[in-house]
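Shown next: coords_26.txt, containing compact mmCIF, C-alpha atoms and all ligand atoms.
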```txt
# COMPACT_ATOMS: atom_id res chain seq x y z
CA MET A 16 -60.62 25.95 11.67
CA PRO A 17 -58.52 24.38 14.41
CA GLU A 18 -54.84 25.34 14.06
CA LEU A 19 -51.75 23.89 15.72
CA PRO A 20 -52.42 25.47 19.16
CA GLU A 21 -55.98 24.08 19.17
CA ILE A 22 -54.68 20.62 18.25
CA GLU A 23 -52.04 20.80 20.98
CA VAL A 24 -54.68 21.90 23.51
CA SER A 25 -56.89 18.99 22.34
CA ARG A 26 -53.97 16.64 22.93
CA LEU A 27 -53.49 18.05 26.44
CA GLY A 28 -57.24 17.84 27.08
CA ILE A 29 -57.79 14.20 26.07
CA SER A 30 -54.42 12.74 27.00
CA PRO A 31 -54.92 12.24 30.78
CA HIS A 32 -58.19 10.36 30.14
CA ILE A 33 -57.08 8.03 27.37
CA ASN A 34 -53.35 7.45 27.79
CA ASN A 35 -52.53 4.01 29.26
CA GLN A 36 -56.13 2.83 28.74
CA ARG A 37 -57.17 -0.14 26.62
CA ILE A 38 -59.40 0.37 23.58
CA GLN A 39 -62.46 -1.89 23.91
CA GLN A 40 -64.02 -1.01 20.59
CA ILE A 41 -64.21 1.77 17.99
CA VAL A 42 -67.71 2.58 16.73
CA VAL A 43 -67.74 4.28 13.32
CA ARG A 44 -71.16 5.76 12.48
CA GLN A 45 -70.02 7.77 9.45
CA PRO A 46 -66.96 6.49 7.57
CA LYS A 47 -67.09 9.18 4.87
CA LEU A 48 -64.74 11.82 6.20
CA ARG A 49 -62.11 13.64 4.10
CA TRP A 50 -60.68 10.17 3.48
CA PRO A 51 -62.64 7.01 4.34
CA VAL A 52 -62.14 5.96 7.96
CA SER A 53 -59.65 3.02 7.96
CA LYS A 54 -61.62 -0.25 8.04
CA GLN A 55 -59.12 -1.80 10.46
CA LEU A 56 -60.29 0.60 13.19
CA SER A 57 -63.67 -1.14 13.52
CA SER A 58 -61.98 -4.46 14.29
CA LEU A 59 -59.47 -3.08 16.82
CA SER A 60 -60.07 -4.51 20.26
CA ASP A 61 -58.14 -4.81 23.50
CA VAL A 62 -55.21 -2.69 22.35
CA HIS A 63 -53.32 -0.52 24.78
CA ILE A 64 -52.83 3.23 24.16
CA VAL A 65 -49.19 3.84 25.03
CA GLY A 66 -48.90 7.47 23.98
CA VAL A 67 -50.83 10.49 22.72
CA SER A 68 -48.66 12.74 20.56
CA ARG A 69 -48.98 15.30 17.80
CA ARG A 70 -47.26 15.82 14.44
CA ALA A 71 -48.21 19.05 12.62
CA LYS A 72 -52.01 19.13 12.95
CA TYR A 73 -52.37 15.35 13.31
CA LEU A 74 -53.08 13.69 16.66
CA LEU A 75 -51.40 10.32 17.03
CA LEU A 76 -52.79 7.67 19.40
CA GLU A 77 -49.97 5.16 19.66
CA THR A 78 -50.68 1.50 20.48
CA GLU A 79 -48.54 -1.65 20.47
CA SER A 80 -49.93 -2.71 17.10
CA GLY A 81 -50.00 0.62 15.29
CA THR A 82 -51.05 4.25 15.39
CA ILE A 83 -54.45 5.92 15.05
CA VAL A 84 -54.05 9.20 13.14
CA ILE A 85 -56.75 11.82 13.76
CA HIS A 86 -57.13 15.16 11.95
CA LEU A 87 -59.86 17.61 12.98
CA GLY A 88 -60.22 19.10 9.49
CA MET A 89 -62.26 22.32 9.33
CA SER A 90 -64.72 21.71 12.16
CA GLY A 91 -63.79 18.55 14.10
CA SER A 92 -63.60 18.29 17.88
CA LEU A 93 -62.96 15.61 20.49
CA ARG A 94 -64.56 15.08 23.89
CA VAL A 95 -64.09 12.53 26.66
CA LEU A 96 -67.43 11.35 28.05
CA GLU A 97 -68.92 8.58 30.17
CA GLN A 98 -70.08 5.65 28.05
CA GLY A 99 -73.84 5.59 27.52
CA ILE A 100 -74.26 9.27 26.74
CA GLU A 101 -76.48 9.52 23.67
CA HIS A 102 -74.67 10.54 20.47
CA GLY A 103 -75.70 13.53 18.37
CA LYS A 104 -76.04 14.06 14.65
CA HIS A 105 -72.40 14.87 13.88
CA ASP A 106 -70.80 12.45 16.36
CA HIS A 107 -69.16 10.21 13.76
CA VAL A 108 -66.71 8.10 15.78
CA ASP A 109 -66.65 6.78 19.38
CA LEU A 110 -63.55 5.17 20.84
CA LEU A 111 -64.62 3.10 23.85
CA LEU A 112 -62.09 2.73 26.66
CA SER A 113 -61.55 0.20 29.43
CA ASN A 114 -62.04 2.91 32.11
CA GLY A 115 -65.73 3.30 31.18
CA LYS A 116 -65.16 6.48 29.19
CA LEU A 117 -65.25 7.17 25.49
CA LEU A 118 -63.47 9.51 23.13
CA ARG A 119 -66.13 11.05 20.88
CA TYR A 120 -65.37 12.69 17.52
CA ASN A 121 -67.77 15.36 16.25
CA ASP A 122 -67.32 16.93 12.81
CA PRO A 123 -70.23 18.72 11.05
CA ARG A 124 -68.27 19.40 7.84
CA ARG A 125 -66.53 15.99 7.73
CA PHE A 126 -63.15 17.27 6.50
CA GLY A 127 -61.26 15.45 9.25
CA CYS A 128 -59.80 11.95 9.20
CA TRP A 129 -59.35 8.77 11.25
CA LEU A 130 -56.63 6.55 9.80
CA TRP A 131 -54.73 3.49 10.97
CA ILE A 132 -50.99 2.95 10.45
CA PRO A 133 -49.86 -0.58 11.35
CA ALA A 134 -46.67 -0.71 13.47
CA GLY A 135 -43.56 -0.37 11.31
CA GLU A 136 -45.35 1.38 8.44
CA SER A 137 -45.43 5.08 7.65
CA LEU A 138 -48.21 7.26 6.32
CA ALA A 139 -47.53 9.33 3.18
CA ILE A 140 -49.24 12.43 4.60
CA LEU A 141 -46.79 12.47 7.52
CA ASP A 142 -43.68 12.04 5.34
CA ASN A 143 -42.00 15.11 3.85
CA LEU A 144 -43.28 17.43 6.56
CA GLY A 145 -40.94 20.15 7.78
CA PRO A 146 -39.91 20.37 11.45
CA GLU A 147 -42.23 21.32 14.29
CA PRO A 148 -42.25 25.11 14.89
CA LEU A 149 -41.67 24.67 18.63
CA SER A 150 -38.73 22.27 18.17
CA ASP A 151 -35.09 23.39 18.47
CA ILE A 152 -34.50 22.42 14.82
CA PHE A 153 -36.68 25.32 13.70
CA ALA A 154 -34.12 28.11 14.08
CA ALA A 155 -32.44 30.82 11.97
CA ASP A 156 -29.61 28.40 11.13
CA TYR A 157 -32.10 26.00 9.57
CA VAL A 158 -34.32 28.46 7.75
CA THR A 159 -31.83 31.03 6.37
CA PRO A 160 -30.23 28.70 3.77
CA LEU A 161 -33.66 27.37 2.71
CA ALA A 162 -34.87 30.93 2.07
CA ALA A 163 -31.73 31.99 0.18
CA ARG A 164 -33.11 31.25 -3.30
CA ARG A 165 -36.79 31.84 -2.63
CA ARG A 166 -38.36 35.07 -3.88
CA ILE A 167 -41.91 34.23 -2.74
CA PRO A 168 -43.38 36.51 -0.05
CA VAL A 169 -42.00 35.61 3.38
CA LYS A 170 -45.54 35.01 4.64
CA GLN A 171 -46.15 32.30 2.05
CA PHE A 172 -42.72 30.82 2.78
CA ILE A 173 -43.36 30.37 6.53
CA MET A 174 -46.80 28.86 5.80
CA ASP A 175 -45.23 26.12 3.62
CA ASN A 176 -45.49 22.78 5.50
CA LYS A 177 -42.30 21.54 3.86
CA ILE A 178 -40.36 24.42 5.48
CA VAL A 179 -42.06 24.30 8.89
CA VAL A 180 -45.42 22.84 9.92
CA GLY A 181 -48.26 24.48 11.79
CA VAL A 182 -47.78 28.19 11.02
CA GLY A 183 -51.40 28.87 10.03
CA ASN A 184 -52.66 32.13 8.58
CA ILE A 185 -53.48 33.82 11.90
CA TYR A 186 -50.08 32.96 13.36
CA ALA A 187 -48.17 34.00 10.22
CA ASN A 188 -49.85 37.44 10.30
CA GLU A 189 -49.33 37.94 14.02
CA SER A 190 -45.70 36.78 14.16
CA LEU A 191 -44.71 38.96 11.15
CA PHE A 192 -46.29 41.95 12.89
CA ASN A 193 -44.45 41.21 16.13
CA ALA A 194 -41.16 40.75 14.25
CA LYS A 195 -41.79 44.04 12.34
CA ILE A 196 -41.32 42.30 8.98
CA ASN A 197 -43.55 43.10 6.01
CA PRO A 198 -45.38 39.96 4.81
CA LEU A 199 -44.75 40.86 1.14
CA ARG A 200 -40.97 40.93 1.44
CA PRO A 201 -39.28 38.20 -0.62
CA ALA A 202 -38.15 35.35 1.66
CA ASN A 203 -34.56 35.76 0.44
CA SER A 204 -34.45 39.45 1.46
CA LEU A 205 -34.50 38.62 5.19
CA SER A 206 -31.19 38.84 7.02
CA TYR A 207 -30.04 36.27 9.58
CA PRO A 208 -31.12 38.58 12.46
CA ASP A 209 -34.51 39.01 10.73
CA TRP A 210 -34.93 35.23 10.73
CA GLU A 211 -33.82 35.00 14.36
CA GLU A 212 -36.52 37.51 15.29
CA LEU A 213 -39.22 35.94 13.11
CA VAL A 214 -38.54 32.41 14.35
CA LEU A 215 -38.67 33.69 17.94
CA GLN A 216 -41.97 35.49 17.34
CA ILE A 217 -43.55 32.42 15.67
CA LYS A 218 -42.65 30.36 18.75
CA LEU A 219 -43.94 33.05 21.15
CA VAL A 220 -47.23 33.52 19.30
CA LEU A 221 -47.91 29.76 19.17
CA ASN A 222 -46.91 29.24 22.80
CA ARG A 223 -49.10 32.12 23.94
CA ALA A 224 -52.08 30.61 22.11
CA ILE A 225 -51.47 27.17 23.66
CA LEU A 226 -51.31 28.78 27.12
CA GLN A 227 -54.55 30.66 26.46
CA GLY A 228 -56.23 27.44 25.33
CA GLY A 229 -55.02 25.74 28.51
CA THR A 230 -57.74 27.61 30.42
CA THR A 231 -60.36 25.59 28.49
CA LEU A 232 -59.11 22.09 29.38
CA ASN A 233 -62.24 21.27 31.43
CA ASP A 234 -64.34 21.72 28.27
CA PHE A 235 -63.16 18.33 27.03
CA GLU A 236 -65.43 16.61 29.55
CA GLN A 237 -68.53 18.65 28.67
CA PRO A 238 -71.14 16.87 26.52
CA ASP A 239 -71.71 19.89 24.27
CA GLY A 240 -69.74 22.76 22.78
CA LYS A 241 -66.50 22.66 20.85
CA PRO A 242 -63.53 21.92 23.07
CA GLY A 243 -60.22 22.97 21.57
CA TYR A 244 -61.68 26.16 20.11
CA PHE A 245 -60.85 29.33 22.01
CA ALA A 246 -60.75 33.08 21.49
CA GLN A 247 -57.34 34.68 21.19
CA GLU A 248 -55.98 38.16 21.58
CA LEU A 249 -54.93 39.29 18.11
CA GLN A 250 -53.01 42.40 17.07
CA VAL A 251 -53.53 42.63 13.30
CA TYR A 252 -55.40 39.56 12.06
CA GLY A 253 -58.95 40.53 10.98
CA LYS A 254 -58.30 44.19 11.90
CA ALA A 255 -58.15 45.89 8.46
CA GLY A 256 -58.80 49.63 8.82
CA ASP A 257 -58.32 49.60 12.61
CA ALA A 258 -55.54 51.55 14.27
CA CYS A 259 -52.23 49.70 14.68
CA PRO A 260 -51.85 48.81 18.40
CA ASP A 261 -48.24 50.08 18.29
CA CYS A 262 -48.28 53.28 16.18
CA GLY A 263 -51.93 54.09 15.39
CA ALA A 264 -51.56 53.89 11.58
CA GLN A 265 -54.27 52.03 9.67
CA ILE A 266 -53.91 48.23 9.38
CA GLN A 267 -53.58 47.17 5.73
CA GLN A 268 -55.13 44.12 4.08
CA GLN A 269 -54.34 42.19 0.90
CA MET A 270 -54.56 38.60 -0.36
CA ILE A 271 -51.20 36.82 -0.55
CA GLY A 272 -51.27 33.29 -1.95
CA GLN A 273 -55.07 33.33 -1.57
CA ARG A 274 -54.78 34.00 2.14
CA ASN A 275 -55.99 37.15 3.86
CA THR A 276 -53.02 39.19 5.00
CA PHE A 277 -52.90 42.05 7.52
CA TRP A 278 -50.03 44.38 8.41
CA CYS A 279 -48.99 47.92 9.39
CA ASP A 280 -47.00 49.86 6.77
CA MET A 281 -45.32 51.98 9.45
CA CYS A 282 -44.24 49.14 11.77
CA GLN A 283 -43.54 46.67 8.93
CA PRO A 284 -41.86 48.70 6.15
CA LYS A 285 -41.66 47.09 2.69
CA GLU A 286 -37.93 47.69 2.25
CA GLU A 287 -35.15 46.86 4.63
CA VAL A 288 -34.08 49.90 6.64
ZN ZN A 301 -47.90 50.30 13.33
```

As a first step, turn the structure in this file into structure tokens.
Amino acid sequence: MPELPEIEVSRLGISPHINNQRIQQIVVRQPKLRWPVSKQLSSLSDVHIVGVSRRAKYLLLETESGTIVIHLGMSGSLRVLEQGIEHGKHDHVDLLLSNGKLLRYNDPRRFGCWLWIPAGESLAILDNLGPEPLSDIFAADYVTPLAARRRIPVKQFIMDNKIVVGVGNIYANESLFNAKINPLRPANSLSYPDWEELVLQIKLVLNRAILQGGTTLNDFEQPDGKPGYFAQELQVYGKAGDACPDCGAQIQQQMIGQRNTFWCDMCQPKEEV
């Protein structure tokens, strides 16, 4: 499933090809995605893309008359191709551009979305989201008071989109390991310095993944494959039973909030020391 770094890399991959271009037409072959593709998209014509941004895991193509909101769901991917290249089975949407290229959306499992927000309106799914993890707002000063009354495991707390967006399961596991904080600790048991360290590690882990994905930017112009998906170096995620890369103890595994959780008991003690 594409996570925040994959979405950011997708934004970086498509942006130079589509920003400042005019949309000629949007061809919708399969409107039944997670939510129906907005009908207005099929009638959009001759609108100018003035920006390509991201909010949480949503890509936002901004135009003068409104915003196209794209989510890649479980299996979606975007490519930039020359017009005229034959579409495949799971190529559900083509956005045709004035420069002779097209933005093609492929999604075998159809859990993604393509929505239209007219200028001046907001979209419910984008309201009530917490700050971006890589923004300056996401800091110990912001998160400490929010955690003060919360006894849920810290891992669940940092994965809550209302607290901060985009900390997916892999990144929650990895940043807690790097911060040496046990994922089962109640959110309100973390000290201010703990939060400083955890916030820093979340930012580092996400930034490292985005940098790693940056090596795949040429994939966005390839007719096949899944651009925006890339292998990452992981320390604990998916490594139950392996030796901890820091101390050699066995990596533990348990479900927390229905999500697979990995940690080292030696490096991430349960109680504060
Ligand atoms: Zn260890």

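Residues with any atom within 9 Å of Ser206 of chain A, counting all atoms listed in the file and excluding same-chain neighbours fewer than 4 positions away, are Thr159, Trp210 and Glu211 of chain A.
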
Give me, as JSON lines, the closest atom pair and its distance (Å, one decimal) for every residue of chain A within a cut-off of 9 Å of ligand ZN 301 (chain A), counting only C-alpha atoms and all ligand atoms, rows sorted by chain and rising number.
```
{"residue": "A:Phe192", "atom": "CA", "partner": "A:ZN301", "partner_atom": "ZN", "distance": 8.5}
{"residue": "A:Lys195", "atom": "CA", "partner": "A:ZN301", "partner_atom": "ZN", "distance": 8.8}
{"residue": "A:Ala258", "atom": "CA", "partner": "A:ZN301", "partner_atom": "ZN", "distance": 7.8}
{"residue": "A:Cys259", "atom": "CA", "partner": "A:ZN301", "partner_atom": "ZN", "distance": 4.6}
{"residue": "A:Pro260", "atom": "CA", "partner": "A:ZN301", "partner_atom": "ZN", "distance": 6.6}
{"residue": "A:Asp261", "atom": "CA", "partner": "A:ZN301", "partner_atom": "ZN", "distance": 5.0}
{"residue": "A:Cys262", "atom": "CA", "partner": "A:ZN301", "partner_atom": "ZN", "distance": 4.1}
{"residue": "A:Gly263", "atom": "CA", "partner": "A:ZN301", "partner_atom": "ZN", "distance": 5.9}
{"residue": "A:Ala264", "atom": "CA", "partner": "A:ZN301", "partner_atom": "ZN", "distance": 5.4}
{"residue": "A:Gln265", "atom": "CA", "partner": "A:ZN301", "partner_atom": "ZN", "distance": 7.5}
{"residue": "A:Ile266", "atom": "CA", "partner": "A:ZN301", "partner_atom": "ZN", "distance": 7.5}
{"residue": "A:Trp278", "atom": "CA", "partner": "A:ZN301", "partner_atom": "ZN", "distance": 8.0}
{"residue": "A:Cys279", "atom": "CA", "partner": "A:ZN301", "partner_atom": "ZN", "distance": 4.7}
{"residue": "A:Asp280", "atom": "CA", "partner": "A:ZN301", "partner_atom": "ZN", "distance": 6.6}
{"residue": "A:Met281", "atom": "CA", "partner": "A:ZN301", "partner_atom": "ZN", "distance": 5.0}
{"residue": "A:Cys282", "atom": "CA", "partner": "A:ZN301", "partner_atom": "ZN", "distance": 4.1}
{"residue": "A:Gln283", "atom": "CA", "partner": "A:ZN301", "partner_atom": "ZN", "distance": 7.2}
```

The centre and edge lengths of an axis-aligned box containing all atoms of segment 58-72 of chain A present in the file, extended by 4 Å on each side, are to be given in Å to one decimal, as lines of an AutoDock Vina configuration file.
```
center_x = -54.6
center_y = 7.2
center_z = 18.8
size_x = 22.7
size_y = 31.9
size_z = 20.4
```

At a cut-off of 12 Å, using all atoms listed in the file, what residues contact Ser150 of chain A? Leave out same-chain residues fewer than 2 positions from it and give the result as a list in words. Arg70, Ala71, Gly145, Pro146, Glu147, Pro148, Ile152, Phe153, Ala154, Tyr157, Val179, Val180, Gly181, Val214, Leu215, Ile217, Lys218, Leu221 and Asn222 of chain A

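Here atom CA of Ser113 of chain A and atom CA of Gly66 of chain A stand 15.6 Å from one another.
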
So the first atom is atom CA of Gln171 of chain A and the second is atom CA of Tyr252 of chain A; what is the distance between them in Å, to one decimal place? 15.4 Å

Contact check, segment 89-174 of chain A to segment 228-247 of chain A, at most 9 Å, counting only C-alpha atoms, closest pairs as CSV:
```
residue,atom,partner,partner_atom,distance
A:Ser90,CA,A:Lys241,CA,8.9
A:Gly91,CA,A:Lys241,CA,8.4
A:Ser92,CA,A:Lys241,CA,6.0
A:Leu93,CA,A:Pro242,CA,6.8
A:Arg94,CA,A:Phe235,CA,4.7
A:Val95,CA,A:Glu236,CA,5.2
A:Leu96,CA,A:Glu236,CA,5.8
A:Glu97,CA,A:Glu236,CA,8.8
A:Ile100,CA,A:Pro238,CA,8.2
A:Asn121,CA,A:Lys241,CA,8.7
```

Å distance separating atom CA of Ile33 of chain A from atom CA of Leu144 of chain A, one decimal place: 26.7 Å

Within 12 Å of (-27.1, 36.7, 7.7) (file coordinates; all atoms listed in the file), which protein or nucleic acid residues are there? I'd like them as a JSON list (two decimals) with C-alpha atoms, keeping the file's coordinate frame.
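Dumped everything to result.json:
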```
[["chain", "number", "residue", "atom", "x", "y", "z"],
["A", 155, "ALA", "CA", -32.44, 30.82, 11.97],
["A", 156, "ASP", "CA", -29.61, 28.40, 11.13],
["A", 157, "TYR", "CA", -32.10, 26.00, 9.57],
["A", 158, "VAL", "CA", -34.32, 28.46, 7.75],
["A", 159, "THR", "CA", -31.83, 31.03, 6.37],
["A", 160, "PRO", "CA", -30.23, 28.70, 3.77],
["A", 162, "ALA", "CA", -34.87, 30.93, 2.07],
["A", 163, "ALA", "CA", -31.73, 31.99, 0.18],
["A", 203, "ASN", "CA", -34.56, 35.76, 0.44],
["A", 204, "SER", "CA", -34.45, 39.45, 1.46],
["A", 205, "LEU", "CA", -34.50, 38.62, 5.19],
["A", 206, "SER", "CA", -31.19, 38.84, 7.02],
["A", 207, "TYR", "CA", -30.04, 36.27, 9.58],
["A", 208, "PRO", "CA", -31.12, 38.58, 12.46],
["A", 209, "ASP", "CA", -34.51, 39.01, 10.73],
["A", 210, "TRP", "CA", -34.93, 35.23, 10.73],
["A", 211, "GLU", "CA", -33.82, 35.00, 14.36]]
```

Option closest in space to Gly183 of chain A, from A:Gln45, A:Asn275, A:Ser68, A:His63 [counting all atoms listed in the file]: A:Asn275

So that I can see what lies close to Leu112 of chain A, please list as a count of residues only the residues with an atom at most 9 Å from it, counting all atoms listed in the file and leaving out residues fewer than 4 positions away in the same chain. 11

Residues at most 9 Å from Asn34 of chain A, counting all atoms listed in the file, excluding those fewer than 5 positions away in the same chain, as a VMD selection string? chain A and resid 29 63 to 67 76

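Proximity ranking of A:Pro51, A:Gly103, A:Gly88, A:Pro17 relative to Leu130 of chain A places A:Pro51 first, based on only C-alpha atoms.
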
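Of the listed residues A:Leu56, A:Leu87, A:Ala202, A:Ile173, the one whose atoms come nearest to Asp109 of chain A is A:Leu56, with distances taken using all atoms listed in the file.
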
Which polymer residues, protein or nucleic acid, are no farther than 8 Å from (-54.3, 15.8, 12.7), counting only C-alpha atoms, as a ChimeraX atom specification? /A:22,69-75,84-88,127-128

Those residues with C-alpha atoms, as an mmCIF file, keeping the file's coordinate frame please?
```cif
data_model
loop_
_atom_site.group_PDB
_atom_site.id
_atom_site.type_symbol
_atom_site.label_atom_id
_atom_site.label_comp_id
_atom_site.auth_asym_id
_atom_site.auth_seq_id
_atom_site.Cartn_x
_atom_site.Cartn_y
_atom_site.Cartn_z
ATOM 1 C CA ILE A 22 -54.680 20.620 18.250
ATOM 2 C CA ARG A 69 -48.980 15.300 17.800
ATOM 3 C CA ARG A 70 -47.260 15.820 14.440
ATOM 4 C CA ALA A 71 -48.210 19.050 12.620
ATOM 5 C CA LYS A 72 -52.010 19.130 12.950
ATOM 6 C CA TYR A 73 -52.370 15.350 13.310
ATOM 7 C CA LEU A 74 -53.080 13.690 16.660
ATOM 8 C CA LEU A 75 -51.400 10.320 17.030
ATOM 9 C CA VAL A 84 -54.050 9.200 13.140
ATOM 10 C CA ILE A 85 -56.750 11.820 13.760
ATOM 11 C CA HIS A 86 -57.130 15.160 11.950
ATOM 12 C CA LEU A 87 -59.860 17.610 12.980
ATOM 13 C CA GLY A 88 -60.220 19.100 9.490
ATOM 14 C CA GLY A 127 -61.260 15.450 9.250
ATOM 15 C CA CYS A 128 -59.800 11.950 9.200
#
```

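You can rank A:His107, A:Ala187, A:Ser25, A:Val43 by their closest distance to Val251 of chain A using all atoms listed in the file, and at the top of that list sits A:Ala187.
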
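Among the candidates A:Ile167, A:Ser53, A:Arg125, A:Lys177, the residue lying nearest to Leu141 of chain A is A:Lys177 (atoms considered: only C-alpha atoms).
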
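Here the question is which of A:Trp129, A:Phe172, A:Glu77, A:Arg44 gets nearest to Lys104 of chain A using all atoms listed in the file, and that residue is A:Arg44.
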